[in-house]
Amino acid sequence: MGRTNKSHKRRNENAKVKRARYEIKELAMLKKTLGIMDTEDPETVEQLAEVATIKSAKEIKQEKKSKEEEQLEFELKEERHQGDKITIVNEKTGKTHVYNTKTLKDQHGSYPGWYKPRKTAKRIRKKDHARRLRFKQHWTVTNVPL
């Protein structure tokens, strides 16, 4: 049997009111611990700026999102690059391996010892997901002539 959303909506509304009430109390406790009164003196504002930087949750999320986007853009640019050939000589055996910086494979098709396939698969999944989100289809049903 399905549940109704009526009780969930009421619970969410009550939780929203409770959160708003606790935010005020939490801010007062934070000011008390930092030793800042409710007065808006320029001195107290300067002291607060010296102690900590105040950021909202939205700002923190946007910074995190922008960092991830920059990293994905860098990886996508790097993806277009074919990769450089790097020659490494194994100290123990004395054999030379020519690695491709993009694929990380050597001339025989094997990966280096530190390579972790699960980690790279995770990175590739993130990249593909970002590519799908950015995809804009150039043609649609409305643009097709009848």
# chains A, B, ... in the order shown; residues from 1 in each chain; ligands from 1
>>> residues_around(residues="stretch 108-125 of chain A", least_positions_apart="4", cutoff="9 Å", atoms="only C-alpha atoms", output="JSON, numbers by chain")
{"A": [97, 98, 99, 103, 104, 129, 130]}
>>> write_last_selection(atoms="all heavy atoms", output="PDB file, in the first residue's frame")
ATOM      1  N   HIS A  97      60.767   1.285 -20.955  1.00  0.00           N
ATOM      2  CA  HIS A  97      59.337   1.275 -21.257  1.00  0.00           C
ATOM      3  C   HIS A  97      58.974   2.646 -21.803  1.00  0.00           C
ATOM      4  O   HIS A  97      59.364   3.666 -21.238  1.00  0.00           O
ATOM      5  CB  HIS A  97      58.501   1.004 -20.002  1.00  0.00           C
ATOM      6  CG  HIS A  97      58.697  -0.370 -19.452  1.00  0.00           C
ATOM      7  ND1 HIS A  97      57.976  -1.451 -19.885  1.00  0.00           N
ATOM      8  CD2 HIS A  97      59.545  -0.838 -18.501  1.00  0.00           C
ATOM      9  CE1 HIS A  97      58.363  -2.526 -19.224  1.00  0.00           C
ATOM     10  NE2 HIS A  97      59.308  -2.181 -18.375  1.00  0.00           N
ATOM     11  N   VAL A  98      58.222   2.648 -22.892  1.00  0.00           N
ATOM     12  CA  VAL A  98      57.753   3.896 -23.481  1.00  0.00           C
ATOM     13  C   VAL A  98      56.268   4.020 -23.141  1.00  0.00           C
ATOM     14  O   VAL A  98      55.435   3.305 -23.690  1.00  0.00           O
ATOM     15  CB  VAL A  98      57.960   3.912 -25.010  1.00  0.00           C
ATOM     16  CG1 VAL A  98      57.473   5.219 -25.601  1.00  0.00           C
ATOM     17  CG2 VAL A  98      59.412   3.661 -25.348  1.00  0.00           C
ATOM     18  N   TYR A  99      55.956   4.938 -22.195  1.00  0.00           N
ATOM     19  CA  TYR A  99      54.581   5.124 -21.735  1.00  0.00           C
ATOM     20  C   TYR A  99      53.916   6.277 -22.466  1.00  0.00           C
ATOM     21  O   TYR A  99      54.538   7.288 -22.766  1.00  0.00           O
ATOM     22  CB  TYR A  99      54.546   5.425 -20.229  1.00  0.00           C
ATOM     23  CG  TYR A  99      54.813   4.216 -19.370  1.00  0.00           C
ATOM     24  CD1 TYR A  99      56.044   4.040 -18.769  1.00  0.00           C
ATOM     25  CD2 TYR A  99      53.829   3.270 -19.163  1.00  0.00           C
ATOM     26  CE1 TYR A  99      56.292   2.932 -17.978  1.00  0.00           C
ATOM     27  CE2 TYR A  99      54.066   2.161 -18.368  1.00  0.00           C
ATOM     28  CZ  TYR A  99      55.301   1.994 -17.781  1.00  0.00           C
ATOM     29  OH  TYR A  99      55.532   0.907 -17.003  1.00  0.00           O
ATOM     30  N   THR A 103      46.998   7.310 -22.192  1.00  0.00           N
ATOM     31  CA  THR A 103      46.458   5.974 -21.914  1.00  0.00           C
ATOM     32  C   THR A 103      47.163   5.286 -20.756  1.00  0.00           C
ATOM     33  O   THR A 103      46.646   4.313 -20.218  1.00  0.00           O
ATOM     34  CB  THR A 103      46.581   5.075 -23.154  1.00  0.00           C
ATOM     35  OG1 THR A 103      47.960   4.961 -23.493  1.00  0.00           O
ATOM     36  CG2 THR A 103      45.791   5.645 -24.316  1.00  0.00           C
ATOM     37  N   LEU A 104      48.343   5.758 -20.389  1.00  0.00           N
ATOM     38  CA  LEU A 104      49.171   5.186 -19.318  1.00  0.00           C
ATOM     39  C   LEU A 104      49.693   3.795 -19.651  1.00  0.00           C
ATOM     40  O   LEU A 104      50.233   3.111 -18.790  1.00  0.00           O
ATOM     41  CB  LEU A 104      48.421   5.147 -17.984  1.00  0.00           C
ATOM     42  CG  LEU A 104      47.958   6.483 -17.429  1.00  0.00           C
ATOM     43  CD1 LEU A 104      47.163   6.257 -16.163  1.00  0.00           C
ATOM     44  CD2 LEU A 104      49.142   7.384 -17.152  1.00  0.00           C
ATOM     45  N   HIS A 129      29.368  11.479 -17.079  1.00  0.00           N
ATOM     46  CA  HIS A 129      28.164  12.075 -16.509  1.00  0.00           C
ATOM     47  C   HIS A 129      28.134  13.580 -16.800  1.00  0.00           C
ATOM     48  O   HIS A 129      27.107  14.132 -17.203  1.00  0.00           O
ATOM     49  CB  HIS A 129      28.124  11.825 -15.001  1.00  0.00           C
ATOM     50  CG  HIS A 129      26.915  12.394 -14.344  1.00  0.00           C
ATOM     51  ND1 HIS A 129      25.659  11.898 -14.561  1.00  0.00           N
ATOM     52  CD2 HIS A 129      26.770  13.443 -13.491  1.00  0.00           C
ATOM     53  CE1 HIS A 129      24.790  12.608 -13.867  1.00  0.00           C
ATOM     54  NE2 HIS A 129      25.449  13.550 -13.207  1.00  0.00           N
ATOM     55  N   ALA A 130      29.269  14.241 -16.631  1.00  0.00           N
ATOM     56  CA  ALA A 130      29.348  15.677 -16.910  1.00  0.00           C
ATOM     57  C   ALA A 130      29.107  15.950 -18.392  1.00  0.00           C
ATOM     58  O   ALA A 130      28.440  16.924 -18.757  1.00  0.00           O
ATOM     59  CB  ALA A 130      30.705  16.220 -16.490  1.00  0.00           C
TER      60      ALA A 130
END
>>> residues_around(residues="A:Lys77", least_positions_apart="6", cutoff="12 Å", atoms="only C-alpha atoms", output="PDB file with C-alpha atoms, in the first residue's frame")
ATOM      1  CA  GLU A  70      37.171  23.192 -13.612  1.00  0.00           C
ATOM      2  CA  GLN A  71      38.702  19.770 -13.037  1.00  0.00           C
ATOM      3  CA  GLY A  83      49.352  12.149 -25.107  1.00  0.00           C
ATOM      4  CA  LYS A 102      47.059   9.725 -21.985  1.00  0.00           C
ATOM      5  CA  LYS A 127      33.562  12.653 -16.859  1.00  0.00           C
TER       6      LYS A 127
END
>>> select_by_dssp(residues="chain A", states="strand (DSSP E or B)", output="list in words")
Lys85, Ile86, Thr87, Ile88, Val89, Thr96, His97, Val98, Tyr99 and Asn100 of chain A
>>> atom_distance(atom1="atom CA of A:Leu76", atom2="atom CA of A:Arg131")
8.8 Å
